[in-house]
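Undergrad: Handing over structure-v5.tsv, TSV, C-alpha atoms.
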chain	number	residue	atom	x	y	z
X	23	MET	CA	55.55	-22.06	-63.55
X	24	LYS	CA	51.95	-21.23	-62.66
X	25	THR	CA	51.05	-21.24	-58.95
X	26	VAL	CA	47.91	-23.13	-58.12
X	27	VAL	CA	45.90	-21.71	-55.17
X	28	ALA	CA	44.01	-24.30	-53.29
X	29	PRO	CA	40.33	-23.47	-52.70
X	30	ARG	CA	39.50	-22.19	-49.20
X	31	LYS	CA	37.98	-24.83	-47.04
X	32	PRO	CA	34.52	-24.13	-45.64
X	33	PRO	CA	34.41	-23.43	-41.89
X	34	PRO	CA	33.86	-26.38	-39.68
X	35	PRO	CA	30.18	-27.18	-39.12
X	36	ARG	CA	30.53	-26.47	-35.38
X	37	LYS	CA	31.64	-22.87	-35.94
X	38	ARG	CA	28.85	-22.31	-38.44
X	39	THR	CA	26.32	-23.67	-35.94
X	40	ARG	CA	27.65	-21.38	-33.21
X	41	SER	CA	27.42	-18.34	-35.46
X	42	LEU	CA	23.87	-19.21	-36.44
X	43	ALA	CA	22.89	-19.74	-32.80
X	44	LEU	CA	24.39	-16.38	-31.86
X	45	LEU	CA	22.47	-14.61	-34.62
X	46	VAL	CA	19.24	-16.33	-33.65
X	47	GLY	CA	19.81	-15.46	-29.99
X	48	LEU	CA	20.43	-11.81	-30.80
X	49	ALA	CA	17.36	-11.71	-33.01
X	50	VAL	CA	15.18	-13.25	-30.31
X	51	ALA	CA	16.55	-10.92	-27.62
X	52	GLY	CA	16.00	-7.91	-29.85
X	53	SER	CA	12.47	-9.01	-30.68
X	54	VAL	CA	11.64	-9.56	-27.00
X	55	ALA	CA	13.06	-6.15	-26.08
X	56	LEU	CA	11.02	-4.53	-28.84
X	57	LEU	CA	7.84	-6.32	-27.80
X	58	ARG	CA	8.40	-5.32	-24.16
X	59	GLN	CA	8.78	-1.69	-25.16
X	60	THR	CA	5.45	-1.83	-26.97
X	61	GLY	CA	3.78	-3.46	-23.97
X	62	MET	CA	2.70	-6.55	-25.90
X	63	LEU	CA	4.34	-8.89	-23.37
X	64	GLN	CA	3.02	-7.19	-20.25
X	65	SER	CA	0.09	-9.56	-19.72
X	66	ALA	CA	2.25	-12.66	-20.17
X	67	GLU	CA	4.99	-11.37	-17.88
X	68	LEU	CA	2.53	-10.38	-15.17
X	69	TYR	CA	0.92	-13.81	-15.44
X	70	ALA	CA	4.32	-15.41	-14.84
X	71	TYR	CA	4.94	-13.02	-11.94
X	72	ASP	CA	1.59	-13.97	-10.41
X	73	ALA	CA	2.44	-17.65	-10.63
X	74	LEU	CA	5.72	-17.12	-8.79
X	75	ILE	CA	4.01	-15.18	-6.01
X	76	ARG	CA	1.38	-17.87	-5.50
X	77	VAL	CA	3.97	-20.58	-4.86
X	78	GLN	CA	5.98	-18.60	-2.31
X	79	PRO	CA	5.65	-19.59	1.38
X	80	ASP	CA	2.72	-18.17	3.32
X	81	TRP	CA	4.20	-15.82	5.93
X	82	GLY	CA	1.14	-16.03	8.16
X	83	ALA	CA	-0.44	-13.34	10.30
X	84	ASP	CA	1.70	-10.31	10.96
X	85	PRO	CA	2.28	-9.73	14.69
X	86	ARG	CA	2.16	-5.95	14.25
X	87	LEU	CA	-1.30	-5.76	12.72
X	88	VAL	CA	-4.88	-6.41	13.66
X	89	PHE	CA	-7.90	-5.70	11.48
X	90	VAL	CA	-11.10	-4.65	13.23
X	91	ALA	CA	-13.88	-5.50	10.80
X	92	VAL	CA	-17.27	-3.87	10.59
X	93	ASP	CA	-18.80	-7.21	9.60
X	94	ASP	CA	-22.24	-8.79	9.50
X	95	ARG	CA	-22.17	-9.42	13.27
X	96	THR	CA	-21.48	-5.73	13.83
X	97	VAL	CA	-24.32	-4.74	11.52
X	98	ALA	CA	-26.69	-7.00	13.46
X	99	ARG	CA	-25.52	-5.60	16.79
X	100	LEU	CA	-25.85	-1.96	15.72
X	101	ASN	CA	-28.99	-2.61	13.69
X	102	SER	CA	-27.38	-0.54	10.95
X	103	ASP	CA	-25.11	-1.29	8.00
X	104	THR	CA	-23.31	2.05	8.51
X	105	LEU	CA	-21.12	3.05	11.43
X	106	SER	CA	-22.63	6.24	12.82
X	107	ASP	CA	-20.55	9.05	14.28
X	108	ALA	CA	-21.60	7.98	17.77
X	109	ALA	CA	-20.66	4.35	17.07
X	110	LEU	CA	-17.32	5.41	15.58
X	111	LEU	CA	-16.58	7.47	18.70
X	112	ALA	CA	-17.41	4.51	20.95
X	113	THR	CA	-15.16	2.32	18.80
X	114	LEU	CA	-12.20	4.70	19.00
X	115	GLU	CA	-12.56	5.11	22.76
X	116	ARG	CA	-12.67	1.36	23.29
X	117	LEU	CA	-9.73	0.72	20.96
X	118	ARG	CA	-7.59	3.44	22.57
X	119	ALA	CA	-8.15	1.74	25.92
X	120	TYR	CA	-6.40	-1.34	24.48
X	121	ALA	CA	-3.19	0.73	24.03
X	122	PRO	CA	-2.41	0.22	20.34
X	123	ARG	CA	0.38	2.22	18.69
X	124	VAL	CA	-1.85	3.51	15.88
X	125	ILE	CA	-5.50	3.36	14.86
X	126	ALA	CA	-6.13	3.82	11.14
X	127	VAL	CA	-9.73	4.48	10.10
X	128	ASP	CA	-10.48	3.52	6.51
X	129	ILE	CA	-14.01	4.89	6.74
X	130	PHE	CA	-14.87	8.18	5.08
X	131	ARG	CA	-16.36	10.75	7.42
X	132	ASP	CA	-16.68	13.84	5.21
X	133	VAL	CA	-20.33	14.34	6.22
X	134	PRO	CA	-22.25	13.59	9.43
X	135	ILE	CA	-23.54	10.03	9.76
X	136	GLY	CA	-26.29	9.65	12.34
X	137	PRO	CA	-26.01	11.26	15.79
X	138	GLY	CA	-22.81	12.18	17.61
X	139	ARG	CA	-21.01	14.41	15.09
X	140	ASP	CA	-19.91	17.13	17.52
X	141	ALA	CA	-18.78	14.63	20.17
X	142	LEU	CA	-16.73	12.72	17.57
X	143	LEU	CA	-14.98	15.85	16.29
X	144	ASP	CA	-14.31	17.05	19.84
X	145	TYR	CA	-12.69	13.71	20.67
X	146	LEU	CA	-10.53	13.73	17.54
X	147	ASN	CA	-9.40	17.28	18.20
X	148	GLN	CA	-8.42	16.32	21.74
X	149	GLN	CA	-6.22	13.60	20.23
X	150	PHE	CA	-4.80	15.81	17.47
X	151	LEU	CA	-4.07	19.23	18.96
X	152	PRO	CA	-1.55	18.20	21.67
X	153	LEU	CA	0.51	16.57	18.88
X	154	GLU	CA	0.70	19.52	16.52
X	155	GLY	CA	3.64	18.97	14.19
X	156	ARG	CA	3.73	15.22	14.88
X	157	ILE	CA	2.00	12.30	13.21
X	158	LYS	CA	-1.23	11.49	14.98
X	159	PRO	CA	-2.06	8.20	16.76
X	160	ILE	CA	-5.39	8.12	14.92
X	161	ILE	CA	-5.14	8.34	11.14
X	162	LEU	CA	-8.26	9.33	9.19
X	163	THR	CA	-8.78	9.21	5.46
X	164	CYS	CA	-9.96	11.03	2.35
X	165	GLN	CA	-9.91	10.33	-1.39
X	166	LEU	CA	-7.86	12.19	-3.95
X	167	PRO	CA	-9.53	13.63	-7.05
X	168	SER	CA	-9.75	11.40	-10.10
X	169	LEU	CA	-11.25	11.48	-13.58
X	170	GLY	CA	-14.44	9.91	-12.30
X	171	ASN	CA	-14.57	12.06	-9.16
X	172	PRO	CA	-12.77	15.38	-9.78
X	173	ARG	CA	-13.49	16.65	-6.28
X	174	GLY	CA	-12.51	13.49	-4.43
X	175	ILE	CA	-13.87	12.85	-0.93
X	176	ASP	CA	-13.16	15.39	1.78
X	177	PRO	CA	-11.44	14.48	5.07
X	178	PRO	CA	-13.26	14.98	8.37
X	179	PRO	CA	-13.24	18.67	9.39
X	180	VAL	CA	-10.80	18.23	12.28
X	181	LEU	CA	-8.39	20.87	13.52
X	182	ASP	CA	-4.72	20.44	12.58
X	183	PRO	CA	-5.41	17.78	9.93
X	184	ALA	CA	-1.79	17.81	8.75
X	185	ASP	CA	-0.09	14.51	9.54
X	186	GLY	CA	-3.36	12.89	10.55
X	187	ILE	CA	-5.04	12.35	7.17
X	188	GLY	CA	-3.97	9.75	4.60
X	189	TYR	CA	-5.49	9.21	1.19
X	190	ALA	CA	-7.31	5.95	0.47
X	191	ASP	CA	-6.70	5.62	-3.28
X	192	VAL	CA	-5.65	2.28	-4.78
X	193	GLU	CA	-3.47	1.45	-7.79
X	194	LEU	CA	-5.02	-1.12	-10.12
X	195	ASP	CA	-3.47	-2.74	-13.17
X	196	ALA	CA	-5.31	-2.99	-16.49
X	197	ASP	CA	-6.79	-6.35	-15.45
X	198	LYS	CA	-8.06	-4.77	-12.19
X	199	VAL	CA	-5.63	-6.81	-10.09
X	200	VAL	CA	-3.66	-5.16	-7.28
X	201	ARG	CA	0.08	-5.67	-7.75
X	202	ARG	CA	1.41	-2.21	-6.95
X	203	VAL	CA	0.97	0.24	-4.12
X	204	ALA	CA	1.50	3.99	-4.19
X	205	PHE	CA	2.48	5.73	-0.97
X	206	SER	CA	3.00	9.31	-2.15
X	207	GLY	CA	2.71	11.43	-5.26
X	208	VAL	CA	4.82	14.22	-6.72
X	209	PRO	CA	5.26	17.08	-7.53
X	210	ALA	CA	5.08	18.51	-4.04
X	211	THR	CA	4.67	21.80	-2.19
X	212	GLU	CA	5.22	22.82	1.42
X	213	THR	CA	3.17	21.37	4.27
X	214	PRO	CA	3.66	22.11	7.98
X	215	PHE	CA	5.38	18.85	8.90
X	216	PHE	CA	6.76	16.88	5.98
X	217	GLY	CA	7.36	19.54	3.36
X	218	PHE	CA	5.49	17.56	0.71
X	219	ALA	CA	1.92	17.70	-0.54
X	220	LEU	CA	-0.13	17.08	-3.62
X	221	THR	CA	-1.27	20.12	-5.56
X	222	PRO	CA	-4.95	19.70	-6.51
X	223	GLY	CA	-7.31	22.53	-7.40
X	224	PRO	CA	-8.60	24.97	-4.77
X	225	GLU	CA	-11.99	23.22	-4.53
X	226	VAL	CA	-10.36	19.95	-3.47
X	227	ARG	CA	-9.92	19.45	0.27
X	228	CYS	CA	-8.22	16.07	0.20
X	229	ARG	CA	-4.60	17.21	0.09
X	230	ALA	CA	-3.01	14.32	1.95
X	231	PRO	CA	0.58	13.85	0.73
X	232	PHE	CA	0.77	10.21	1.85
X	233	ALA	CA	-1.34	7.08	1.63
X	234	LEU	CA	-3.26	6.00	4.69
X	235	GLY	CA	-1.09	2.95	5.25
X	236	PHE	CA	2.22	4.73	4.75
X	237	LEU	CA	1.24	7.48	7.19
X	238	SER	CA	0.09	4.89	9.71
X	239	ALA	CA	3.44	3.14	9.41
X	240	LEU	CA	5.22	6.44	10.00
X	241	SER	CA	3.10	7.00	13.10
X	242	TYR	CA	4.09	3.53	14.33
X	243	LEU	CA	7.77	4.25	13.68
X	244	GLN	CA	7.53	7.64	15.37
X	245	THR	CA	6.99	5.83	18.67
X	246	GLU	CA	10.37	4.15	18.07
X	247	GLY	CA	12.11	7.45	17.40
X	248	ILE	CA	12.30	6.79	13.64
X	249	THR	CA	11.22	9.66	11.41
X	250	LEU	CA	10.89	10.50	7.74
X	251	SER	CA	13.34	12.66	5.82
X	252	ARG	CA	13.91	13.44	2.18
X	253	SER	CA	17.24	13.27	0.36
X	254	ALA	CA	18.60	15.86	-2.03
X	255	GLY	CA	17.60	13.56	-4.89
X	256	GLY	CA	13.98	13.56	-3.75
X	257	ASN	CA	13.87	10.04	-2.29
X	258	PHE	CA	12.30	9.24	1.06
X	259	ASN	CA	14.49	7.98	3.90
X	260	VAL	CA	13.08	6.22	6.95
X	261	GLY	CA	15.51	4.88	9.51
X	262	GLY	CA	18.24	4.27	6.95
X	263	VAL	CA	15.86	2.68	4.44
X	264	ARG	CA	15.53	4.58	1.17
X	265	PHE	CA	12.38	4.63	-0.96
X	266	ALA	CA	12.47	5.72	-4.59
X	267	PRO	CA	9.80	5.73	-7.32
X	268	LEU	CA	9.67	2.75	-9.64
X	269	PRO	CA	11.18	3.39	-13.08
X	270	ARG	CA	8.85	3.82	-16.05
X	271	THR	CA	9.81	0.38	-17.39
X	272	MET	CA	10.29	-2.44	-14.90
X	273	GLY	CA	9.68	-6.16	-15.13
X	274	GLY	CA	6.37	-6.71	-16.86
X	275	TYR	CA	5.45	-3.04	-16.73
X	276	ASN	CA	6.06	-0.77	-19.69
X	277	ASN	CA	4.59	2.62	-18.85
X	278	LEU	CA	4.54	3.28	-15.11
X	279	ASP	CA	4.02	6.79	-13.84
X	280	PRO	CA	7.53	8.01	-12.90
X	281	GLY	CA	6.04	10.85	-10.86
X	282	LEU	CA	4.34	8.52	-8.40
X	283	TYR	CA	6.09	6.97	-5.41
X	284	GLN	CA	4.97	3.39	-5.80
X	285	THR	CA	6.35	-0.10	-5.53
X	286	LEU	CA	5.42	-3.72	-5.98
X	287	LEU	CA	3.12	-5.21	-3.39
X	288	ALA	CA	4.67	-8.09	-1.46
X	289	TYR	CA	1.84	-10.51	-0.82
X	290	ARG	CA	2.11	-11.93	2.67
X	291	GLY	CA	-0.47	-14.65	2.19
X	292	ARG	CA	-4.20	-15.21	2.18
X	293	ARG	CA	-4.81	-14.20	5.80
X	294	PRO	CA	-1.80	-12.14	6.86
X	295	ALA	CA	-3.40	-10.37	9.84
X	296	VAL	CA	-5.55	-11.21	12.83
X	297	VAL	CA	-9.17	-10.19	12.22
X	298	VAL	CA	-11.44	-9.17	15.09
X	299	SER	CA	-15.12	-8.34	14.73
X	300	LEU	CA	-16.05	-4.85	15.86
X	301	ALA	CA	-18.97	-6.50	17.64
X	302	ASP	CA	-16.49	-8.15	20.03
X	303	VAL	CA	-14.78	-4.81	20.65
X	304	LEU	CA	-18.04	-3.03	21.44
X	305	GLU	CA	-19.20	-5.90	23.66
X	306	GLY	CA	-15.92	-5.89	25.57
X	307	THR	CA	-15.17	-9.53	24.79
X	308	ALA	CA	-12.11	-8.95	22.59
X	309	ASP	CA	-8.69	-9.93	23.93
X	310	ALA	CA	-6.85	-6.73	24.87
X	311	ASP	CA	-3.45	-8.30	24.21
X	312	VAL	CA	-4.34	-8.63	20.53
X	313	PHE	CA	-4.30	-4.83	20.17
X	314	ARG	CA	-1.49	-3.74	22.47
X	315	ASP	CA	1.41	-2.04	20.63
X	316	ARG	CA	-0.05	-2.87	17.21
X	317	VAL	CA	-1.38	-0.99	14.22
X	318	VAL	CA	-5.15	-1.35	14.42
X	319	LEU	CA	-6.95	-1.18	11.08
X	320	LEU	CA	-10.64	-0.29	11.12
X	321	GLY	CA	-12.77	-0.84	8.03
X	322	TYR	CA	-15.83	-2.46	6.49
X	323	SER	CA	-15.80	-6.10	5.43
X	324	THR	CA	-19.47	-6.53	4.54
X	325	LEU	CA	-20.30	-7.16	0.90
X	326	ASP	CA	-22.39	-4.01	0.51
X	327	LYS	CA	-19.95	-1.62	2.25
X	328	GLY	CA	-16.55	-3.26	1.90
X	329	ASP	CA	-14.27	-2.09	-0.89
X	330	PHE	CA	-13.20	-5.27	-2.71
X	331	HIS	CA	-10.36	-5.70	-5.17
X	332	GLU	CA	-9.03	-8.50	-7.31
X	333	THR	CA	-5.88	-10.06	-5.90
X	334	LEU	CA	-3.57	-12.89	-6.89
X	335	TRP	CA	-5.70	-15.20	-4.74
X	336	THR	CA	-9.05	-14.54	-6.44
X	337	THR	CA	-8.56	-17.49	-8.78
X	338	THR	CA	-8.84	-19.67	-5.68
X	339	GLY	CA	-12.16	-18.12	-4.76
X	340	TYR	CA	-10.95	-15.49	-2.29
X	341	LEU	CA	-11.75	-11.85	-2.96
X	342	ALA	CA	-9.93	-9.49	-0.63
X	343	PRO	CA	-11.70	-6.58	1.06
X	344	ARG	CA	-9.83	-3.33	1.11
X	345	PRO	CA	-9.01	-2.93	4.79
X	346	PRO	CA	-7.29	0.19	6.03
X	347	CYS	CA	-3.59	0.89	6.29
X	348	GLU	CA	-2.51	-1.22	3.36
X	349	SER	CA	-2.28	-4.16	5.61
X	350	GLY	CA	-2.30	-6.78	2.91
X	351	PHE	CA	-5.30	-8.91	3.82
X	352	GLY	CA	-5.17	-11.48	1.09
X	353	GLY	CA	-2.97	-9.13	-0.88
X	354	SER	CA	-5.00	-5.99	-0.35
X	355	PRO	CA	-3.25	-2.82	-1.48
X	356	ARG	CA	-3.21	-1.47	2.05
X	357	ARG	CA	0.06	-3.21	2.76
X	358	PRO	CA	2.78	-0.61	3.47
X	359	ALA	CA	1.84	-0.10	7.11
X	360	ALA	CA	3.24	-3.54	7.69
X	361	ASP	CA	5.94	-3.42	5.08
X	362	LEU	CA	7.48	-0.14	6.11
X	363	GLY	CA	6.88	-0.69	9.79
X	364	VAL	CA	9.46	-3.35	10.47
X	365	ALA	CA	12.23	-2.77	7.93
X	366	PRO	CA	13.86	0.22	9.64
X	367	LEU	CA	13.36	-1.40	13.05
X	368	ASP	CA	14.98	-4.68	12.04
X	369	ARG	CA	17.62	-2.99	9.86
X	370	ASN	CA	16.97	-5.60	7.17
X	371	PRO	CA	17.65	-4.90	3.50
X	372	MET	CA	14.30	-4.47	1.81
X	373	ASP	CA	14.28	-7.04	-0.95
X	374	ARG	CA	11.30	-6.74	-3.27
X	375	ARG	CA	10.30	-10.33	-2.79
X	376	VAL	CA	11.46	-11.36	0.67
X	377	GLY	CA	10.06	-10.67	4.10
X	378	PHE	CA	7.83	-8.18	5.86
X	379	SER	CA	9.37	-5.18	4.15
X	380	GLY	CA	9.40	-6.43	0.60
X	381	SER	CA	6.59	-4.54	-1.02
X	382	LEU	CA	7.98	-1.07	-0.56
X	383	GLY	CA	11.08	-1.89	-2.50
X	384	GLY	CA	13.36	0.21	-0.32
X	385	THR	CA	17.10	-0.20	-0.01
X	386	GLN	CA	19.34	-0.13	3.00
X	387	ASP	CA	21.80	2.80	3.00
Please re-express this file's structure in structure tokens.
TA:
Amino acid sequence: MKTVVAPRKPPPPRKRTRSLALLVGLAVAGSVALLRQTGMLQSAELYAYDALIRVQPDWGADPRLVFVAVDDRTVARLNSDTLSDAALLATLERLRAYAPRVIAVDIFRDVPIGPGRDALLDYLNQQFLPLEGRIKPIILTCQLPSLGNPRGIDPPPVLDPADGIGYADVELDADKVVRRVAFSGVPATETPFFGFALTPGPEVRCRAPFALGFLSALSYLQTEGITLSRSAGGNFNVGGVRFAPLPRTMGGYNNLDPGLYQTLLAYRGRRPAVVVSLADVLEGTADADVFRDRVVLLGYSTLDKGDFHETLWTTTGYLAPRPPCESGFGGSPRRPAADLGVAPLDRNPMDRRVGFSGSLGGTQD
């Protein structure tokens, strides 16, 4: 007798739908991963990132920072749009009398400006030489070489410049918006204090291993007994907080420089630091308590001298000047002085998006 085999029933519609959904999901995920690798989604992902940052709470002015601005009032008082060597010396002397922890000068002084050059250098050397081998309480700046400026901008010719000079370079994305901050570059060679330095050509005098803001933060922490070390893996350690370079591919970024110690910039808000006109400082009308035990950031804010960068707030009509020390005025790239400064002191984990320490992306050991 012939056996009749019943035809196989088709799978239930629900199982077929699940299988199709799984295949579609895998295809979409694979396509997104492929597009991210090619960098085609970078603009869209950064746009979404920007939107998230704009809706976060405004953290307000940072109590550890004050920005002294060479503004239009200062220009009118000095009858000059440039701070001369004599005026810079008077500024430093007045600021030091207010007992800040650190003064960071984001004003290039590679050549003499007006009268007072010798007196300015003598004063700086008096501040630097007794602290040989330690980070200085006054941090000066220079500019690293670049494609457009292969020589860079020299630092002031002070004695014992190691640990008292920070570079002023800024990391910009393709759309010219500041979202990242670099605080050191590698590879490195020996220097007297840290054991790291950039390796430019012999004609380049700007050999600062650290950014102006990062070095200013280290100077601030030095007064708390917190110092910088380097692990066997090459990462920086500051007071139990570890800093590592960003990976080549991260978030919306597809081709970051893995040889650069950089991290995402944590925007504090539109006005995250107290701003004092240099005119008030020179006239003696500034409140001394505003400066005591703080990081003082000195830089230009006038339209013709200030260094302006696009930030996440520029769509609301605010263009941030580049103040010194990465202080984060309106999201300026000078933020790490603040970000690094408190994390090791507070012993808080350094989340990339939360709190004073967020932009350096460190981790608590």
Undergrad: Give me the residues within 6 Å of region 292-307 of chain X as a PyMOL selection string, counting all atoms listed in the file and dropping any in the same chain fewer than 6 places off.
TA: chain X and resi 82-84+87-92+96+351-352
Undergrad: In Å, how far is it from CA of Pro269 (chain X) to CA of Ala204 (chain X)?
TA: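 If I compute the distance from CA of Pro269 (chain X) to CA of Ala204 (chain X), I get 13.2 Å.
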Undergrad: Between region 162-214 of chain X and region 232-251 of chain X, at 9 Å or less, what are the per-residue closest atom pairs and their distances in Å? Count only C-alpha atoms, order by chain and rising residue number, and return it as JSON lines.
TA:
{"residue": "X:Leu162", "atom": "CA", "partner": "X:Leu234", "partner_atom": "CA", "distance": 7.5}
{"residue": "X:Thr163", "atom": "CA", "partner": "X:Leu234", "partner_atom": "CA", "distance": 6.4}
{"residue": "X:Cys164", "atom": "CA", "partner": "X:Leu234", "partner_atom": "CA", "distance": 8.7}
{"residue": "X:Asp185", "atom": "CA", "partner": "X:Leu237", "partner_atom": "CA", "distance": 7.5}
{"residue": "X:Gly186", "atom": "CA", "partner": "X:Leu237", "partner_atom": "CA", "distance": 7.9}
{"residue": "X:Ile187", "atom": "CA", "partner": "X:Leu234", "partner_atom": "CA", "distance": 7.0}
{"residue": "X:Gly188", "atom": "CA", "partner": "X:Leu234", "partner_atom": "CA", "distance": 3.8}
{"residue": "X:Tyr189", "atom": "CA", "partner": "X:Ala233", "partner_atom": "CA", "distance": 4.7}
{"residue": "X:Ala190", "atom": "CA", "partner": "X:Leu234", "partner_atom": "CA", "distance": 5.8}
{"residue": "X:Asp191", "atom": "CA", "partner": "X:Ala233", "partner_atom": "CA", "distance": 7.4}
{"residue": "X:Ala204", "atom": "CA", "partner": "X:Ala233", "partner_atom": "CA", "distance": 7.2}
{"residue": "X:Phe205", "atom": "CA", "partner": "X:Ala233", "partner_atom": "CA", "distance": 4.8}
{"residue": "X:Ser206", "atom": "CA", "partner": "X:Phe232", "partner_atom": "CA", "distance": 4.7}
{"residue": "X:Gly207", "atom": "CA", "partner": "X:Phe232", "partner_atom": "CA", "distance": 7.5}
Undergrad: If you keep C-alpha atoms, can you produce a file of those selected residues as an mmCIF file, in the coordinates of the input?
TA:
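As written to disk, result.cif reads:
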data_model
loop_
_atom_site.group_PDB
_atom_site.id
_atom_site.type_symbol
_atom_site.label_atom_id
_atom_site.label_comp_id
_atom_site.auth_asym_id
_atom_site.auth_seq_id
_atom_site.Cartn_x
_atom_site.Cartn_y
_atom_site.Cartn_z
ATOM 1 C CA LEU X 162 -8.260 9.330 9.190
ATOM 2 C CA THR X 163 -8.780 9.210 5.460
ATOM 3 C CA CYS X 164 -9.960 11.030 2.350
ATOM 4 C CA ASP X 185 -0.090 14.510 9.540
ATOM 5 C CA GLY X 186 -3.360 12.890 10.550
ATOM 6 C CA ILE X 187 -5.040 12.350 7.170
ATOM 7 C CA GLY X 188 -3.970 9.750 4.600
ATOM 8 C CA TYR X 189 -5.490 9.210 1.190
ATOM 9 C CA ALA X 190 -7.310 5.950 0.470
ATOM 10 C CA ASP X 191 -6.700 5.620 -3.280
ATOM 11 C CA ALA X 204 1.500 3.990 -4.190
ATOM 12 C CA PHE X 205 2.480 5.730 -0.970
ATOM 13 C CA SER X 206 3.000 9.310 -2.150
ATOM 14 C CA GLY X 207 2.710 11.430 -5.260
#
Undergrad: What is the distance, in Å and to one decimal place, between CA of Ala108 (chain X) and CA of Arg139 (chain X)?
TA: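 Computed distance, CA of Ala108 (chain X) to CA of Arg139 (chain X), equals 7.0 Å.
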Undergrad: Check the smallest atom-to-atom distance from each of X:Pro134, X:Asp103, X:Thr285, X:Arg86 to Leu319 (chain X) using only C-alpha atoms, then report the winner.
TA: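 Looking only at the distances to Leu319 (chain X), the closest residue turns out to be X:Arg86.
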Undergrad: Quick one: pull the distance between CA of Val263 (chain X) and CA of Leu334 (chain X), Å, one decimal.
TA: 27.4 Å
Undergrad: With only C-alpha atoms as the atoms that count, which of X:Ala109, X:Val199, X:Val317, X:Val97 lies nearest to Ser65 (chain X)?
TA: X:Val199
Undergrad: Name the residues in contact with Ile135 (chain X) at a cut-off of 8 Å, using all atoms listed in the file, excluding same-chain residues fewer than 5 positions from it; report them as a PyMOL selection string.
TA: chain X and resi 105-107
Undergrad: I need the residue nearest Leu114 (chain X) from this list: X:Leu74, X:Leu169, X:Leu151, X:Ala141. Use only C-alpha atoms for the distance.
TA: X:Ala141
Undergrad: Kindly indicate which residue among X:Ile161, X:Leu110, X:Ile75, X:Ala184 lies nearest to Val318 (chain X), using all atoms listed in the file for the distances.
TA: X:Ile161
Undergrad: Tell me, as a PyMOL selection string, which residues lie within 9 Å of Lys198 (chain X), counting all atoms listed in the file; anything in the same chain fewer than 2 positions away does not count.
TA: chain X and resi 193-196+200+331-333
Undergrad: Between X:Asp80, X:Asp93, X:Asp140, X:Asp72, which is the closest to Leu320 (chain X) once you count only C-alpha atoms?
TA: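 Of X:Asp80, X:Asp93, X:Asp140, X:Asp72, the one nearest Leu320 (chain X) is X:Asp93, counting only C-alpha atoms.
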Undergrad: Name the closest residue to Leu117 (chain X) among the candidates X:Pro267, X:Gly47, X:Gly170, X:Pro159; distances are taken between atoms, counting only C-alpha atoms.
TA: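 Using only C-alpha atoms, the shortest distance to Leu117 (chain X) belongs to X:Pro159.
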Undergrad: Determine, counting all atoms listed in the file, which protein, DNA and RNA residues have an atom within 8 Å of an atom of Pro79 (chain X); residues of the same chain fewer than 2 positions away are not included. Present the result as a ChimeraX atom specification.
TA: /X:77,81,291
